[in-house]
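Read the structure below first, then the notes.
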Amino acid sequence: MADNSMRFDLWLADACRTADVCYDDLILTIAIGGYPCLPGSAPGSSRTFDETDLLALYVYGRLLAFGLNVLRAGEYASRVHDALRANADTTSVAIVATSHGGKRVVVEGEPHAPARSEKIAFDISAIRRFLNRRIEHLCEEQPQDQSMSCS
């Protein structure tokens, strides 16, 4: 994980509040199997959101805001999640249209990224700063015995 990673483990409701995602939309997406990067879905994995999980959740919320349905938003958020896991220090990811009408997730500086103007780009560095501010604010508001871990 990147050196500037968040030091927080968040549960589902806290993660939704932090990433500004509608809890009900995410629950619907999870219920229909459309959010494969959900923490805890792999055997033995933690059910709390780490930095990469939270970044993907933020992307999911923005994709819904752009008009994608919950299945597509979950699919592309999971692809972004995979790209961020493989490239923890990247500062940018984009969902780009391919010449065959499909879409793919590319990270900043990827050598074979399609040179297309049809893309949705995400500034990961800016999103990290935004999420860190949100978490700091939420930690200030919540008593120590709440579900959010602010250590």
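Naming works like this for the structure tokens: A, B, ... for the chains as they're shown, residue 1 at the start of each chain, ligands 1 onward in shown order.
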Can you pull out the residues contacting region 29-33 of chain A? Cut-off 8 Å, using only C-alpha atoms, and skip same-chain residues under 2 positions away; I want them as a PDB file with N, CA and C atoms, in the first residue's frame.
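Result saved to selection-v7.pdb:
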```pdb
ATOM      1  N   ASP A  25     -28.053   1.996  -2.052  1.00  0.00           N
ATOM      2  CA  ASP A  25     -27.580   1.606  -3.387  1.00  0.00           C
ATOM      3  C   ASP A  25     -26.514   0.519  -3.283  1.00  0.00           C
ATOM      4  N   LEU A  26     -25.584   0.698  -2.337  1.00  0.00           N
ATOM      5  CA  LEU A  26     -24.527  -0.300  -2.194  1.00  0.00           C
ATOM      6  C   LEU A  26     -25.095  -1.632  -1.718  1.00  0.00           C
ATOM      7  N   ILE A  27     -26.005  -1.604  -0.762  1.00  0.00           N
ATOM      8  CA  ILE A  27     -26.621  -2.846  -0.276  1.00  0.00           C
ATOM      9  C   ILE A  27     -27.338  -3.563  -1.420  1.00  0.00           C
ATOM     10  N   TYR A  35     -21.005  -6.304  -6.614  1.00  0.00           N
ATOM     11  CA  TYR A  35     -19.867  -5.574  -6.028  1.00  0.00           C
ATOM     12  C   TYR A  35     -18.839  -6.593  -5.523  1.00  0.00           C
ATOM     13  N   PRO A  36     -18.120  -7.241  -6.459  1.00  0.00           N
ATOM     14  CA  PRO A  36     -17.212  -8.327  -6.075  1.00  0.00           C
ATOM     15  C   PRO A  36     -16.008  -7.903  -5.239  1.00  0.00           C
ATOM     16  N   LEU A  38     -16.130  -6.216  -2.508  1.00  0.00           N
ATOM     17  CA  LEU A  38     -16.558  -5.968  -1.133  1.00  0.00           C
ATOM     18  C   LEU A  38     -15.593  -6.624  -0.161  1.00  0.00           C
ATOM     19  N   VAL A  70     -26.361   0.181 -11.108  1.00  0.00           N
ATOM     20  CA  VAL A  70     -25.592  -0.351  -9.987  1.00  0.00           C
ATOM     21  C   VAL A  70     -24.679  -1.511 -10.393  1.00  0.00           C
ATOM     22  N   LEU A  71     -25.114  -2.338 -11.336  1.00  0.00           N
ATOM     23  CA  LEU A  71     -24.266  -3.455 -11.773  1.00  0.00           C
ATOM     24  C   LEU A  71     -23.020  -2.965 -12.502  1.00  0.00           C
ATOM     25  N   GLY A  74     -20.689  -1.185 -10.034  1.00  0.00           N
ATOM     26  CA  GLY A  74     -19.978  -2.171  -9.224  1.00  0.00           C
ATOM     27  C   GLY A  74     -18.886  -2.887  -9.997  1.00  0.00           C
TER      28      GLY A  74
END
```
List every residue of region 72-122 of chain A that DSSP, applied to the backbone of this structure, assigns to alpha helix (DSSP H), and report them as a PyMOL selection string.
-> chain A and resi 72-86
Return as a Markdown table the residues of region 70-91 of chain A lying at most 10 Å from region 118-127 of chain A, together with the closest atom-to-atom pair for each and the distance in Å to one decimal, counting only C-alpha atoms, with rows in chain order and ascending residue number.
```
| residue | atom | partner | partner_atom | distance |
| --- | --- | --- | --- | --- |
| A:Val80 | CA | A:Phe122 | CA | 9.8 |
| A:Leu84 | CA | A:Ile124 | CA | 9.3 |
| A:Asp89 | CA | A:Ser125 | CA | 9.2 |
| A:Thr90 | CA | A:Ile124 | CA | 7.3 |
| A:Thr91 | CA | A:Ile124 | CA | 4.9 |
```
How about saving the chosen residues, all heavy atoms kept, as an mmCIF file, in the first residue's frame?
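New file selection11.cif:
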```cif
data_model
loop_
_atom_site.group_PDB
_atom_site.id
_atom_site.type_symbol
_atom_site.label_atom_id
_atom_site.label_comp_id
_atom_site.auth_asym_id
_atom_site.auth_seq_id
_atom_site.Cartn_x
_atom_site.Cartn_y
_atom_site.Cartn_z
ATOM 1 N N VAL A 80 -11.400 -0.997 -10.996
ATOM 2 C CA VAL A 80 -10.533 0.052 -10.442
ATOM 3 C C VAL A 80 -9.834 -0.490 -9.187
ATOM 4 O O VAL A 80 -8.634 -0.278 -8.987
ATOM 5 C CB VAL A 80 -11.336 1.339 -10.136
ATOM 6 C CG1 VAL A 80 -10.541 2.302 -9.273
ATOM 7 C CG2 VAL A 80 -11.758 2.005 -11.446
ATOM 8 N N LEU A 84 -5.861 -0.632 -8.615
ATOM 9 C CA LEU A 84 -5.205 0.043 -7.490
ATOM 10 C C LEU A 84 -4.422 -0.943 -6.630
ATOM 11 O O LEU A 84 -3.349 -0.609 -6.125
ATOM 12 C CB LEU A 84 -6.230 0.789 -6.638
ATOM 13 C CG LEU A 84 -6.870 2.007 -7.300
ATOM 14 C CD1 LEU A 84 -7.998 2.555 -6.440
ATOM 15 C CD2 LEU A 84 -5.827 3.080 -7.579
ATOM 16 N N ASP A 89 0.735 2.927 -5.914
ATOM 17 C CA ASP A 89 1.247 4.298 -5.926
ATOM 18 C C ASP A 89 0.737 5.141 -7.088
ATOM 19 O O ASP A 89 1.170 6.274 -7.259
ATOM 20 C CB ASP A 89 2.781 4.287 -5.944
ATOM 21 C CG ASP A 89 3.351 3.715 -4.662
ATOM 22 O OD1 ASP A 89 2.739 3.929 -3.594
ATOM 23 O OD2 ASP A 89 4.397 3.042 -4.720
ATOM 24 N N THR A 90 -0.179 4.615 -7.874
ATOM 25 C CA THR A 90 -0.681 5.375 -9.016
ATOM 26 C C THR A 90 -1.417 6.626 -8.539
ATOM 27 O O THR A 90 -1.975 6.661 -7.446
ATOM 28 C CB THR A 90 -1.592 4.522 -9.914
ATOM 29 O OG1 THR A 90 -1.788 5.225 -11.145
ATOM 30 C CG2 THR A 90 -2.933 4.255 -9.272
ATOM 31 N N THR A 91 -1.377 7.647 -9.363
ATOM 32 C CA THR A 91 -2.068 8.892 -9.014
ATOM 33 C C THR A 91 -3.310 9.108 -9.860
ATOM 34 O O THR A 91 -4.053 10.055 -9.630
ATOM 35 C CB THR A 91 -1.132 10.098 -9.188
ATOM 36 O OG1 THR A 91 -0.672 10.140 -10.539
ATOM 37 C CG2 THR A 91 0.059 10.007 -8.242
#
```
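Residue nearest Ala86 (chain A) within the list A:Gly40, A:Lys103, A:Thr52, A:Ala13: A:Thr52 [criterion: smallest interatomic distance, only C-alpha atoms].
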Members of region 6-108 of chain A assigned strand (DSSP E or B) by DSSP, as a count of residues only | 14
